[in-house]
>>> print(open('work21.txt').read())   # compact mmCIF, C-alpha atoms
# COMPACT_ATOMS: atom_id res chain seq x y z
CA MET A 1 88.26 -1.96 245.20
CA ASP A 2 91.01 0.61 245.26
CA LEU A 3 94.24 -1.20 245.95
CA THR A 4 96.12 2.04 246.58
CA LYS A 5 94.15 2.46 249.80
CA ILE A 6 95.66 -0.69 251.20
CA ASN A 7 98.72 0.15 253.26
CA HIS A 8 101.32 -1.93 255.06
CA ILE A 9 99.21 -2.14 258.22
CA HIS A 10 96.43 -3.72 256.18
CA LEU A 11 98.85 -6.19 254.66
CA ASP A 12 100.09 -7.03 258.17
CA ILE A 13 96.52 -7.72 259.23
CA LEU A 14 96.01 -10.08 256.31
CA ARG A 15 99.31 -11.77 257.10
CA GLU A 16 98.17 -12.27 260.68
CA ILE A 17 94.94 -13.84 259.44
CA GLY A 18 97.01 -16.26 257.36
CA ASN A 19 99.25 -16.90 260.33
CA ILE A 20 96.50 -17.70 262.82
CA GLY A 21 94.33 -19.55 260.32
CA ALA A 22 97.01 -21.75 258.86
CA GLY A 23 98.52 -22.25 262.31
CA HIS A 24 95.31 -23.86 263.50
CA ALA A 25 95.00 -25.84 260.29
CA ALA A 26 98.58 -27.10 260.61
CA THR A 27 97.80 -28.26 264.15
CA ALA A 28 94.73 -30.11 262.88
CA LEU A 29 96.77 -31.72 260.10
CA SER A 30 99.47 -32.66 262.55
CA THR A 31 96.89 -34.36 264.79
CA MET A 32 95.41 -36.22 261.84
CA LEU A 33 98.79 -37.51 260.67
CA ASN A 34 100.20 -37.93 264.14
CA LYS A 35 103.39 -36.15 263.13
CA ALA A 36 104.75 -32.66 263.33
CA VAL A 37 103.74 -30.25 260.60
CA ASP A 38 105.21 -26.80 260.40
CA MET A 39 104.26 -23.78 258.39
CA LYS A 40 106.13 -20.94 256.82
CA VAL A 41 105.55 -17.29 257.51
CA PRO A 42 102.52 -16.38 255.42
CA SER A 43 102.99 -14.14 252.46
CA VAL A 44 100.45 -11.57 251.39
CA LYS A 45 100.83 -10.46 247.84
CA ILE A 46 99.04 -8.14 245.52
CA ILE A 47 99.76 -9.86 242.25
CA SER A 48 98.53 -10.45 238.73
CA PHE A 49 96.51 -13.54 237.83
CA GLU A 50 99.50 -14.90 235.95
CA GLU A 51 101.74 -14.64 239.00
CA ILE A 52 99.30 -16.55 241.20
CA THR A 53 99.72 -19.68 239.13
CA GLU A 54 103.49 -19.24 239.30
CA MET A 55 103.20 -19.67 243.08
CA VAL A 56 102.15 -23.29 242.60
CA GLY A 57 104.72 -24.18 239.97
CA GLY A 58 103.07 -22.81 236.85
CA SER A 59 99.73 -22.97 235.14
CA GLU A 60 100.12 -26.54 233.85
CA ASN A 61 101.48 -28.09 237.02
CA ILE A 62 99.14 -30.83 238.23
CA VAL A 63 97.85 -30.31 241.74
CA ALA A 64 95.32 -31.86 244.07
CA SER A 65 93.02 -29.23 245.44
CA VAL A 66 90.11 -28.66 247.73
CA PHE A 67 88.07 -25.56 247.05
CA LEU A 68 85.39 -23.93 249.10
CA ARG A 69 83.49 -20.70 249.15
CA ILE A 70 83.41 -18.67 252.31
CA VAL A 71 79.95 -17.29 252.97
CA GLY A 72 78.90 -14.82 255.62
CA ASP A 73 80.19 -11.34 256.51
CA ALA A 74 83.32 -11.44 254.36
CA PRO A 75 82.83 -13.82 251.43
CA GLY A 76 85.75 -15.22 249.50
CA CYS A 77 87.39 -18.32 248.13
CA MET A 78 89.70 -20.73 249.82
CA PHE A 79 91.98 -23.33 248.30
CA PHE A 80 93.98 -26.09 249.92
CA MET A 81 96.44 -27.13 247.26
CA LEU A 82 99.09 -29.84 247.14
CA PRO A 83 101.51 -31.07 244.50
CA ILE A 84 100.15 -34.45 243.40
CA GLU A 85 103.03 -36.49 244.90
CA GLN A 86 102.45 -34.79 248.23
CA ALA A 87 98.75 -35.52 248.09
CA GLU A 88 99.53 -39.20 247.47
CA LYS A 89 101.88 -39.26 250.43
CA LEU A 90 99.43 -37.48 252.69
CA LEU A 91 96.56 -39.78 251.76
CA GLY A 92 98.78 -42.85 252.07
CA ASP A 93 99.66 -41.81 255.63
CA LEU A 94 96.08 -41.05 256.45
CA LEU A 95 94.52 -44.19 255.03
CA GLY A 96 97.32 -46.42 256.26
CA GLU A 97 98.03 -47.64 252.76
CA GLU A 98 101.43 -48.10 251.24
CA ILE A 99 100.72 -46.61 247.88
CA VAL A 100 98.00 -44.25 246.86
CA GLN A 101 98.14 -43.34 243.21
CA LEU A 102 96.37 -40.32 241.90
CA THR A 103 98.42 -39.83 238.78
CA GLU A 104 96.86 -42.44 236.53
CA GLY A 105 93.92 -40.40 235.44
CA GLN A 106 91.28 -42.48 237.15
CA TYR A 107 90.98 -41.19 240.66
CA PRO A 108 89.88 -43.84 243.16
CA GLU A 109 86.92 -42.75 245.22
CA MET A 110 88.29 -43.49 248.65
CA PRO A 111 91.39 -41.28 248.51
CA LEU A 112 89.39 -38.51 246.85
CA SER A 113 86.78 -38.39 249.55
CA ALA A 114 89.56 -38.58 252.14
CA LEU A 115 91.19 -35.59 250.46
CA GLN A 116 87.91 -33.75 250.56
CA GLU A 117 87.55 -34.50 254.26
CA VAL A 118 91.10 -33.31 254.95
CA GLY A 119 90.30 -30.09 253.10
CA ASN A 120 87.09 -29.77 255.06
CA ILE A 121 88.77 -30.13 258.44
CA LEU A 122 91.73 -27.92 257.62
CA SER A 123 89.77 -25.11 256.06
CA GLY A 124 87.24 -25.36 258.87
CA SER A 125 89.92 -24.73 261.46
CA TYR A 126 91.41 -21.95 259.31
CA LEU A 127 88.03 -20.26 259.02
CA THR A 128 87.14 -20.65 262.69
CA SER A 129 90.26 -18.81 263.75
CA PHE A 130 89.79 -16.21 261.02
CA SER A 131 86.28 -15.69 262.35
CA ASP A 132 87.39 -15.56 266.01
CA PHE A 133 90.15 -13.08 265.21
CA THR A 134 87.94 -10.66 263.31
CA GLY A 135 84.59 -11.24 265.03
CA LEU A 136 83.07 -11.76 261.58
CA SER A 137 80.60 -14.51 260.96
CA LEU A 138 82.07 -16.85 258.34
CA GLN A 139 80.95 -20.28 257.20
CA PRO A 140 82.50 -22.66 254.71
CA SER A 141 80.51 -24.11 251.82
CA VAL A 142 80.68 -27.85 251.22
CA PRO A 143 84.16 -28.40 249.80
CA ALA A 144 84.80 -29.70 246.29
CA THR A 145 87.90 -31.47 245.08
CA SER A 146 89.71 -31.41 241.78
CA ILE A 147 92.97 -32.85 240.54
CA ASP A 148 94.01 -30.90 237.52
CA MET A 149 96.16 -28.08 236.13
CA ALA A 150 96.88 -25.42 238.73
CA GLY A 151 95.95 -22.59 236.38
CA ALA A 152 92.59 -24.11 235.55
CA ILE A 153 91.78 -24.57 239.23
CA LEU A 154 93.00 -21.23 240.53
CA SER A 155 91.35 -19.15 237.85
CA PHE A 156 88.03 -20.36 239.23
CA GLY A 157 88.78 -18.63 242.52
CA LEU A 158 89.60 -15.41 240.67
CA PHE A 159 86.15 -15.08 239.25
CA GLU A 160 84.81 -12.60 241.81
CA ILE A 161 87.89 -10.43 241.97
CA SER A 162 88.44 -10.40 238.22
CA THR A 163 85.18 -8.53 237.67
CA VAL A 164 86.68 -5.45 239.34
CA SER A 165 90.43 -5.85 239.16
CA ASP A 166 93.35 -7.28 237.21
CA LEU A 167 95.14 -7.94 240.44
CA ALA A 168 94.28 -10.15 243.38
CA ILE A 169 95.30 -10.11 247.01
CA VAL A 170 96.42 -13.58 247.95
CA ILE A 171 97.13 -14.76 251.46
CA ASP A 172 99.39 -17.76 250.96
CA THR A 173 100.66 -20.03 253.70
CA ALA A 174 102.92 -22.89 252.76
CA PHE A 175 103.42 -25.75 255.17
CA THR A 176 106.22 -28.21 255.51
CA ASP A 177 107.19 -31.41 257.25
CA MET A 178 109.27 -30.78 260.39
CA LYS A 179 111.98 -33.12 259.13
CA GLU A 180 112.28 -31.74 255.63
CA LEU A 181 111.86 -28.06 256.26
CA ASP A 182 112.64 -26.91 252.77
CA GLU A 183 110.13 -29.08 251.05
CA VAL A 184 106.81 -27.35 250.62
CA LYS A 185 103.98 -29.80 251.21
CA GLY A 186 101.13 -27.62 250.24
CA HIS A 187 99.48 -24.24 250.26
CA PHE A 188 96.49 -22.52 251.72
CA PHE A 189 95.23 -19.72 249.55
CA LEU A 190 92.70 -17.29 250.90
CA LEU A 191 91.20 -14.97 248.28
CA PRO A 192 88.70 -12.58 249.85
CA ASP A 193 86.12 -11.09 247.49
CA PRO A 194 86.83 -7.43 246.65
CA GLU A 195 84.17 -6.01 248.97
CA SER A 196 85.36 -8.18 251.85
CA PHE A 197 88.59 -6.29 252.43
CA ALA A 198 86.89 -3.20 253.81
CA LYS A 199 84.79 -5.41 256.10
CA ILE A 200 87.83 -7.26 257.42
CA PHE A 201 89.76 -4.04 258.06
CA ASN A 202 86.76 -2.33 259.66
CA ALA A 203 86.19 -5.31 261.92
CA LEU A 204 89.73 -4.89 263.21
CA GLY A 205 89.47 -1.13 263.60
CA VAL A 206 91.71 -0.12 260.71
CA PRO A 207 89.40 1.26 258.00
CA MET A 208 90.72 1.65 254.48
CA ASP A 209 89.82 5.26 253.79
CA GLU A 210 92.07 7.24 256.09
CA MET B 1 113.14 -21.40 214.07
CA SER B 2 109.52 -21.42 215.02
CA GLU B 3 108.43 -19.94 218.29
CA ILE B 4 105.50 -20.53 220.59
CA ILE B 5 103.67 -17.33 221.37
CA LYS B 6 102.23 -17.48 224.88
CA VAL B 7 98.88 -15.97 225.68
CA GLY B 8 98.34 -15.28 229.39
CA ILE B 9 95.10 -14.99 231.32
CA ALA B 10 92.94 -12.18 229.91
CA ASP B 11 95.45 -11.69 227.10
CA ILE B 12 95.14 -11.47 223.29
CA ASP B 13 97.83 -12.06 220.67
CA LEU B 14 98.33 -12.81 216.97
CA VAL B 15 100.39 -15.47 215.21
CA SER B 16 101.59 -16.37 211.73
CA PRO B 17 103.58 -19.40 210.50
CA PRO B 18 105.99 -20.91 211.35
CA ASP B 19 105.10 -19.83 214.90
CA THR B 20 102.32 -21.35 216.95
CA ILE B 21 100.22 -19.75 219.69
CA ARG B 22 99.44 -21.29 223.04
CA THR B 23 97.62 -20.77 226.30
CA THR B 24 97.86 -22.99 229.36
CA GLY B 25 95.54 -24.05 232.16
CA LEU B 26 92.14 -23.09 230.79
CA GLY B 27 89.54 -23.96 233.39
CA SER B 28 86.31 -22.04 233.27
CA CYS B 29 88.12 -19.60 230.96
CA VAL B 30 87.65 -19.97 227.21
CA GLY B 31 90.37 -19.89 224.56
CA VAL B 32 89.06 -18.33 221.35
CA ILE B 33 90.96 -18.70 218.09
CA LEU B 34 90.05 -16.64 215.06
CA PHE B 35 91.86 -17.42 211.83
CA ASP B 36 91.99 -16.75 208.12
CA GLU B 37 92.96 -20.09 206.63
CA SER B 38 94.10 -18.82 203.23
CA LYS B 39 96.17 -15.91 204.52
CA LYS B 40 97.41 -17.94 207.49
CA ILE B 41 96.75 -15.20 209.97
CA ALA B 42 95.43 -16.22 213.35
CA GLY B 43 94.97 -14.91 216.85
CA MET B 44 94.00 -16.17 220.29
CA ALA B 45 92.23 -14.69 223.29
CA HIS B 46 92.09 -16.17 226.81
CA ILE B 47 88.85 -14.83 228.24
CA MET B 48 87.81 -15.08 231.89
CA LEU B 49 84.36 -13.54 232.14
CA PRO B 50 81.24 -13.54 229.97
CA ASP B 51 80.13 -9.95 229.94
CA SER B 52 81.75 -6.53 230.32
CA THR B 53 78.45 -4.63 230.30
CA SER B 54 77.55 -5.78 233.81
CA ILE B 55 80.73 -4.26 235.20
CA ASN B 56 80.51 -0.79 236.71
CA SER B 57 84.15 0.17 236.80
CA PRO B 58 85.87 1.32 233.59
CA ILE B 59 87.30 -1.55 231.61
CA LYS B 60 91.05 -1.59 231.55
CA ASN B 61 91.61 -5.02 230.16
CA ILE B 62 89.53 -5.80 227.09
CA GLY B 63 91.03 -9.29 226.86
CA LYS B 64 89.22 -10.35 230.02
CA PHE B 65 85.63 -10.34 228.77
CA ALA B 66 84.04 -12.46 226.06
CA ASP B 67 82.27 -9.55 224.37
CA THR B 68 85.20 -7.12 224.27
CA ALA B 69 87.90 -9.74 223.62
CA VAL B 70 86.22 -11.38 220.62
CA ASN B 71 85.62 -7.97 219.05
CA ALA B 72 89.17 -6.82 219.71
CA LEU B 73 90.64 -10.03 218.30
CA TYR B 74 88.46 -9.71 215.19
CA ASP B 75 89.62 -6.13 214.63
CA MET B 76 93.26 -7.12 215.11
CA LEU B 77 92.91 -9.81 212.44
CA ILE B 78 91.28 -7.43 209.96
CA LYS B 79 94.01 -4.87 210.58
CA LYS B 80 96.63 -7.53 209.93
CA GLY B 81 95.07 -8.20 206.51
CA ALA B 82 92.60 -11.02 207.10
CA ALA B 83 89.50 -11.00 204.92
CA ALA B 84 86.36 -10.55 207.02
CA LYS B 85 84.51 -13.22 205.01
CA SER B 86 87.12 -15.90 205.54
CA ILE B 87 87.57 -15.52 209.28
CA LYS B 88 86.57 -18.66 211.16
CA ALA B 89 86.65 -19.62 214.82
CA LYS B 90 87.61 -22.53 217.05
CA ILE B 91 87.06 -22.49 220.78
CA ALA B 92 88.01 -24.60 223.78
CA GLY B 93 87.56 -24.39 227.53
CA GLY B 94 84.60 -23.40 229.68
CA ALA B 95 84.89 -26.34 232.04
CA GLN B 96 83.34 -26.63 235.47
CA MET B 97 86.36 -27.47 237.54
CA PHE B 98 84.40 -28.18 240.69
CA GLN B 99 81.09 -29.95 241.02
CA PHE B 100 78.78 -28.38 243.57
CA SER B 101 75.36 -29.50 244.60
CA SER B 102 74.13 -25.91 244.72
CA GLY B 103 73.85 -24.62 241.19
CA SER B 104 74.55 -20.93 241.77
CA GLU B 105 75.33 -18.62 238.86
CA MET B 106 78.94 -18.27 239.89
CA MET B 107 79.51 -22.00 239.61
CA ARG B 108 78.22 -21.89 236.03
CA ILE B 109 80.88 -19.44 234.91
CA GLY B 110 82.40 -21.88 232.38
CA PRO B 111 79.19 -22.56 230.43
CA ARG B 112 78.28 -18.87 230.58
CA ASN B 113 81.64 -17.93 229.08
CA VAL B 114 81.04 -20.38 226.22
CA GLU B 115 77.53 -19.06 225.57
CA SER B 116 78.78 -15.49 225.53
CA VAL B 117 81.64 -16.26 223.11
CA LYS B 118 79.23 -18.07 220.77
CA ALA B 119 76.80 -15.14 220.85
CA GLN B 120 79.60 -12.72 220.04
CA LEU B 121 80.85 -14.85 217.13
CA ASN B 122 77.32 -15.08 215.84
CA HIS B 123 76.97 -11.31 216.10
CA LEU B 124 80.13 -10.82 214.03
CA GLY B 125 79.05 -13.46 211.51
CA VAL B 126 82.09 -15.61 212.22
CA PRO B 127 81.38 -19.34 211.77
CA LEU B 128 82.41 -21.55 214.69
CA ILE B 129 83.80 -24.62 212.95
CA ALA B 130 85.13 -26.62 215.89
CA SER B 131 84.85 -26.55 219.64
CA ASP B 132 85.77 -28.57 222.70
CA THR B 133 84.00 -27.08 225.67
CA GLY B 134 82.49 -28.02 229.01
CA GLY B 135 83.36 -31.06 231.07
CA SER B 136 85.38 -30.79 234.24
CA SER B 137 88.97 -30.88 232.97
CA GLY B 138 91.52 -28.14 232.55
CA ARG B 139 92.88 -27.66 229.05
CA THR B 140 96.08 -26.43 227.46
CA ILE B 141 95.62 -25.43 223.85
CA GLU B 142 97.96 -24.65 220.98
CA PHE B 143 97.01 -23.41 217.54
CA ASN B 144 99.06 -23.98 214.42
CA PRO B 145 98.19 -21.32 211.83
CA GLU B 146 99.92 -23.27 209.03
CA LYS B 147 97.48 -26.19 209.32
CA SER B 148 94.68 -24.34 211.15
CA GLU B 149 94.81 -27.08 213.76
CA LEU B 150 94.01 -26.67 217.42
CA THR B 151 95.71 -29.17 219.72
CA ILE B 152 94.02 -29.66 223.08
CA ARG B 153 95.72 -31.37 225.98
CA THR B 154 93.99 -32.41 229.19
CA VAL B 155 95.38 -34.13 232.25
CA ASN B 156 92.98 -37.08 232.19
CA LYS B 157 91.91 -37.50 228.61
CA GLY B 158 95.13 -37.07 226.67
CA THR B 159 95.55 -34.96 223.56
CA LYS B 160 93.25 -34.31 220.66
CA ILE B 161 93.20 -32.12 217.60
CA ILE B 162 90.19 -30.20 216.36
>>> encode(input="work21.txt", output="structure tokens")
Amino acid sequence: MDLTKINHIHLDILREIGNIGAGHAATALSTMLNKAVDMKVPSVKIISFEEITEMVGGSENIVASVFLRIVGDAPGCMFFMLPIEQAEKLLGDLLGEEIVQLTEGQYPEMPLSALQEVGNILSGSYLTSFSDFTGLSLQPSVPATSIDMAGAILSFGLFEISTVSDLAIVIDTAFTDMKELDEVKGHFFLLPDPESFAKIFNALGVPMDE
Amino acid sequence: MSEIIKVGIADIDLVSPPDTIRTTGLGSCVGVILFDESKKIAGMAHIMLPDSTSINSPIKNIGKFADTAVNALYDMLIKKGAAAKSIKAKIAGGAQMFQFSSGSEMMRIGPRNVESVKAQLNHLGVPLIASDTGGSSGRTIEFNPEKSELTIRTVNKGTKII
């Protein structure tokens, strides 16, 4: 993948994918929680592996995450990632329990499978709109969850891209609670595989080569 | 004052006392430490991928691959004055962060990284004297060249020294 062939129009396209995808996911989340959820303007960055982990508070920061592979016309990786306190709050709301604790090392099964289901629904709605927008056929793999260091989790999603590049293109959408607009509740990261970029841009009529 | 030398993803660096050397958030990546105990020279690599030979594009970052990184680290140690015969290795990492029902090759990246590092050490004749690999937890590791101790911290299983 030649990153120099990616121009600002391409970055705008990726931003729009993040916008539409996360917009639908935020709506789904909002329905699930029965409260308003807002999202920030997506950012599309071409950054080093090191910088990606900085986006979620550093390599050692503990996060709750749902990971899935995108299979189909434009394969890639997708992460739904939350700071651990936010994950506890979200799951508490969802399960109607006062306190959900994920921090004590032993992760109770019920909240974990709830988290996995949340990730499943959200990434499903993200992918559906991504697919509708581009006309590409995209399916999610069964999601997997992990609560661990952000660096350890994210590096897994870099596997495909790292074979050809030292940089990754990350489509990041942060979402927030309507009441506390500054507080970031979580992130969606979309990391298309290197060969997927050309397919995405072609599908939208803006090939990379010109 | 002692400092902590930080090794990033796909990075290699050397250390000597009183400093220590550290890398954070190893998932499927493997942290390789080569050290000469008597001369107290050590180095660390944070490798991401098992094999550079399967890559078509020219390799810009030798620290990324198990084969190139272990060789480069070994050469750096020799250049710094380590005796080839006394170089030993400790490794940590190579976890499977996510458990999938489908066992595709990509999902096995952690174990493959470990296998590749071990093969490379074997090829160089460097004895692997301690390792903490596999599992499903991320690791942060720090090596103290004074004591030749590798401290491994995980989120769920606390800290241990190998």
>>> interface_residues(input="work21.txt", of="chain B", to="chain A", cutoff="6 Å", atoms="all atoms listed in the file", output="ChimeraX atom specification")
/B:25-27,98,138,156
>>> closest_residue(input="work21.txt", among="A:Leu136, A:Leu191, A:Leu167, A:Leu94", to="Ala74 in chain A", atoms="only C-alpha atoms")
A:Leu136
>>> residues_around(input="work21.txt", residues="Asp193 in chain A", least_positions_apart="2", cutoff="6 Å", atoms="only C-alpha atoms", output="VMD selection string")
chain A and resid 75 to 76 161 195 to 196
>>> residues_around(input="work21.txt", residues="Met39 in chain A", least_positions_apart="3", cutoff="6 Å", atoms="all atoms listed in the file", output="list in words")
Ala174, Phe175 and Thr176 of chain A
>>> atom_distance(input="work21.txt", atom1="CA of Pro111 in chain B", atom2="CA of Gln96 in chain B")
7.7 Å
>>> atom_distance(input="work21.txt", atom1="CA of Thr53 in chain B", atom2="CA of Ile109 in chain B")
15.7 Å
>>> atom_distance(input="work21.txt", atom1="CA of Lys64 in chain B", atom2="CA of Ile47 in chain B")
4.8 Å
>>> residues_around(input="work21.txt", residues="range 157-162 of chain B", least_positions_apart="6", cutoff="8 Å", atoms="only C-alpha atoms", output="PyMOL selection string")
(chain A and resi 105) or (chain B and resi 130-132+149-151)
>>> closest_residue(input="work21.txt", among="B:Gln99, B:Ser86, B:Asn113, B:Ser54", to="Ser38 in chain B", atoms="all atoms listed in the file")
B:Ser86
>>> closest_residue(input="work21.txt", among="A:Leu102, A:Ile52, A:Met208, A:Leu127", to="Asn7 in chain A", atoms="all atoms listed in the file")
A:Met208
>>> closest_residue(input="work21.txt", among="B:Gly43, B:Gly31, B:Gly134, B:Pro127", to="Leu14 in chain B", atoms="only C-alpha atoms")
B:Gly43
>>> build_atoms(input="work21.txt", residues="range 51-75 of chain B", atoms="N, CA and C atoms", output="PDB file, in the frame of the given file")
ATOM      1  N   ASP B  51      80.806 -11.164 230.352  1.00  0.00           N
ATOM      2  CA  ASP B  51      80.130  -9.950 229.940  1.00  0.00           C
ATOM      3  C   ASP B  51      80.729  -8.697 230.589  1.00  0.00           C
ATOM      4  N   SER B  52      81.177  -7.761 229.764  1.00  0.00           N
ATOM      5  CA  SER B  52      81.750  -6.530 230.320  1.00  0.00           C
ATOM      6  C   SER B  52      80.676  -5.506 230.669  1.00  0.00           C
ATOM      7  N   THR B  53      79.475  -5.668 230.103  1.00  0.00           N
ATOM      8  CA  THR B  53      78.450  -4.630 230.300  1.00  0.00           C
ATOM      9  C   THR B  53      77.877  -4.624 231.717  1.00  0.00           C
ATOM     10  N   SER B  54      78.067  -5.740 232.439  1.00  0.00           N
ATOM     11  CA  SER B  54      77.550  -5.780 233.810  1.00  0.00           C
ATOM     12  C   SER B  54      78.548  -5.212 234.818  1.00  0.00           C
ATOM     13  N   ILE B  55      79.683  -4.754 234.308  1.00  0.00           N
ATOM     14  CA  ILE B  55      80.730  -4.260 235.200  1.00  0.00           C
ATOM     15  C   ILE B  55      80.634  -2.743 235.301  1.00  0.00           C
ATOM     16  N   ASN B  56      80.656  -2.228 236.509  1.00  0.00           N
ATOM     17  CA  ASN B  56      80.510  -0.790 236.710  1.00  0.00           C
ATOM     18  C   ASN B  56      81.792  -0.008 236.471  1.00  0.00           C
ATOM     19  N   SER B  57      82.892  -0.567 236.926  1.00  0.00           N
ATOM     20  CA  SER B  57      84.150   0.170 236.800  1.00  0.00           C
ATOM     21  C   SER B  57      84.601   0.216 235.341  1.00  0.00           C
ATOM     22  N   PRO B  58      85.380   1.246 234.970  1.00  0.00           N
ATOM     23  CA  PRO B  58      85.870   1.320 233.590  1.00  0.00           C
ATOM     24  C   PRO B  58      86.733   0.112 233.243  1.00  0.00           C
ATOM     25  N   ILE B  59      86.620  -0.332 231.997  1.00  0.00           N
ATOM     26  CA  ILE B  59      87.300  -1.550 231.610  1.00  0.00           C
ATOM     27  C   ILE B  59      88.725  -1.270 231.150  1.00  0.00           C
ATOM     28  N   LYS B  60      89.647  -1.811 231.888  1.00  0.00           N
ATOM     29  CA  LYS B  60      91.050  -1.590 231.550  1.00  0.00           C
ATOM     30  C   LYS B  60      91.558  -2.688 230.641  1.00  0.00           C
ATOM     31  N   ASN B  61      91.063  -3.876 230.867  1.00  0.00           N
ATOM     32  CA  ASN B  61      91.610  -5.020 230.160  1.00  0.00           C
ATOM     33  C   ASN B  61      90.546  -5.658 229.265  1.00  0.00           C
ATOM     34  N   ILE B  62      90.571  -5.299 227.986  1.00  0.00           N
ATOM     35  CA  ILE B  62      89.530  -5.800 227.090  1.00  0.00           C
ATOM     36  C   ILE B  62      89.649  -7.300 226.842  1.00  0.00           C
ATOM     37  N   GLY B  63      90.824  -7.865 227.094  1.00  0.00           N
ATOM     38  CA  GLY B  63      91.030  -9.290 226.860  1.00  0.00           C
ATOM     39  C   GLY B  63      90.320 -10.174 227.871  1.00  0.00           C
ATOM     40  N   LYS B  64      89.801  -9.575 228.928  1.00  0.00           N
ATOM     41  CA  LYS B  64      89.220 -10.350 230.020  1.00  0.00           C
ATOM     42  C   LYS B  64      87.804 -10.842 229.723  1.00  0.00           C
ATOM     43  N   PHE B  65      87.050 -10.049 228.963  1.00  0.00           N
ATOM     44  CA  PHE B  65      85.630 -10.340 228.770  1.00  0.00           C
ATOM     45  C   PHE B  65      85.335 -10.900 227.380  1.00  0.00           C
ATOM     46  N   ALA B  66      84.377 -11.821 227.329  1.00  0.00           N
ATOM     47  CA  ALA B  66      84.040 -12.460 226.060  1.00  0.00           C
ATOM     48  C   ALA B  66      83.639 -11.426 225.006  1.00  0.00           C
ATOM     49  N   ASP B  67      82.762 -10.500 225.371  1.00  0.00           N
ATOM     50  CA  ASP B  67      82.270  -9.550 224.370  1.00  0.00           C
ATOM     51  C   ASP B  67      83.381  -8.645 223.831  1.00  0.00           C
ATOM     52  N   THR B  68      84.157  -8.040 224.728  1.00  0.00           N
ATOM     53  CA  THR B  68      85.200  -7.120 224.270  1.00  0.00           C
ATOM     54  C   THR B  68      86.367  -7.850 223.605  1.00  0.00           C
ATOM     55  N   ALA B  69      86.726  -9.017 224.135  1.00  0.00           N
ATOM     56  CA  ALA B  69      87.900  -9.740 223.620  1.00  0.00           C
ATOM     57  C   ALA B  69      87.666 -10.261 222.207  1.00  0.00           C
ATOM     58  N   VAL B  70      86.499 -10.838 221.950  1.00  0.00           N
ATOM     59  CA  VAL B  70      86.220 -11.380 220.620  1.00  0.00           C
ATOM     60  C   VAL B  70      86.220 -10.249 219.584  1.00  0.00           C
ATOM     61  N   ASN B  71      85.610  -9.127 219.949  1.00  0.00           N
ATOM     62  CA  ASN B  71      85.620  -7.970 219.050  1.00  0.00           C
ATOM     63  C   ASN B  71      87.024  -7.460 218.778  1.00  0.00           C
ATOM     64  N   ALA B  72      87.810  -7.346 219.842  1.00  0.00           N
ATOM     65  CA  ALA B  72      89.170  -6.820 219.710  1.00  0.00           C
ATOM     66  C   ALA B  72      90.024  -7.747 218.843  1.00  0.00           C
ATOM     67  N   LEU B  73      89.885  -9.048 219.067  1.00  0.00           N
ATOM     68  CA  LEU B  73      90.640 -10.030 218.300  1.00  0.00           C
ATOM     69  C   LEU B  73      90.261  -9.954 216.819  1.00  0.00           C
ATOM     70  N   TYR B  74      88.973  -9.833 216.558  1.00  0.00           N
ATOM     71  CA  TYR B  74      88.460  -9.710 215.190  1.00  0.00           C
ATOM     72  C   TYR B  74      89.066  -8.482 214.498  1.00  0.00           C
ATOM     73  N   ASP B  75      89.048  -7.359 215.196  1.00  0.00           N
ATOM     74  CA  ASP B  75      89.620  -6.130 214.630  1.00  0.00           C
ATOM     75  C   ASP B  75      91.119  -6.263 214.363  1.00  0.00           C
TER      76      ASP B  75
END
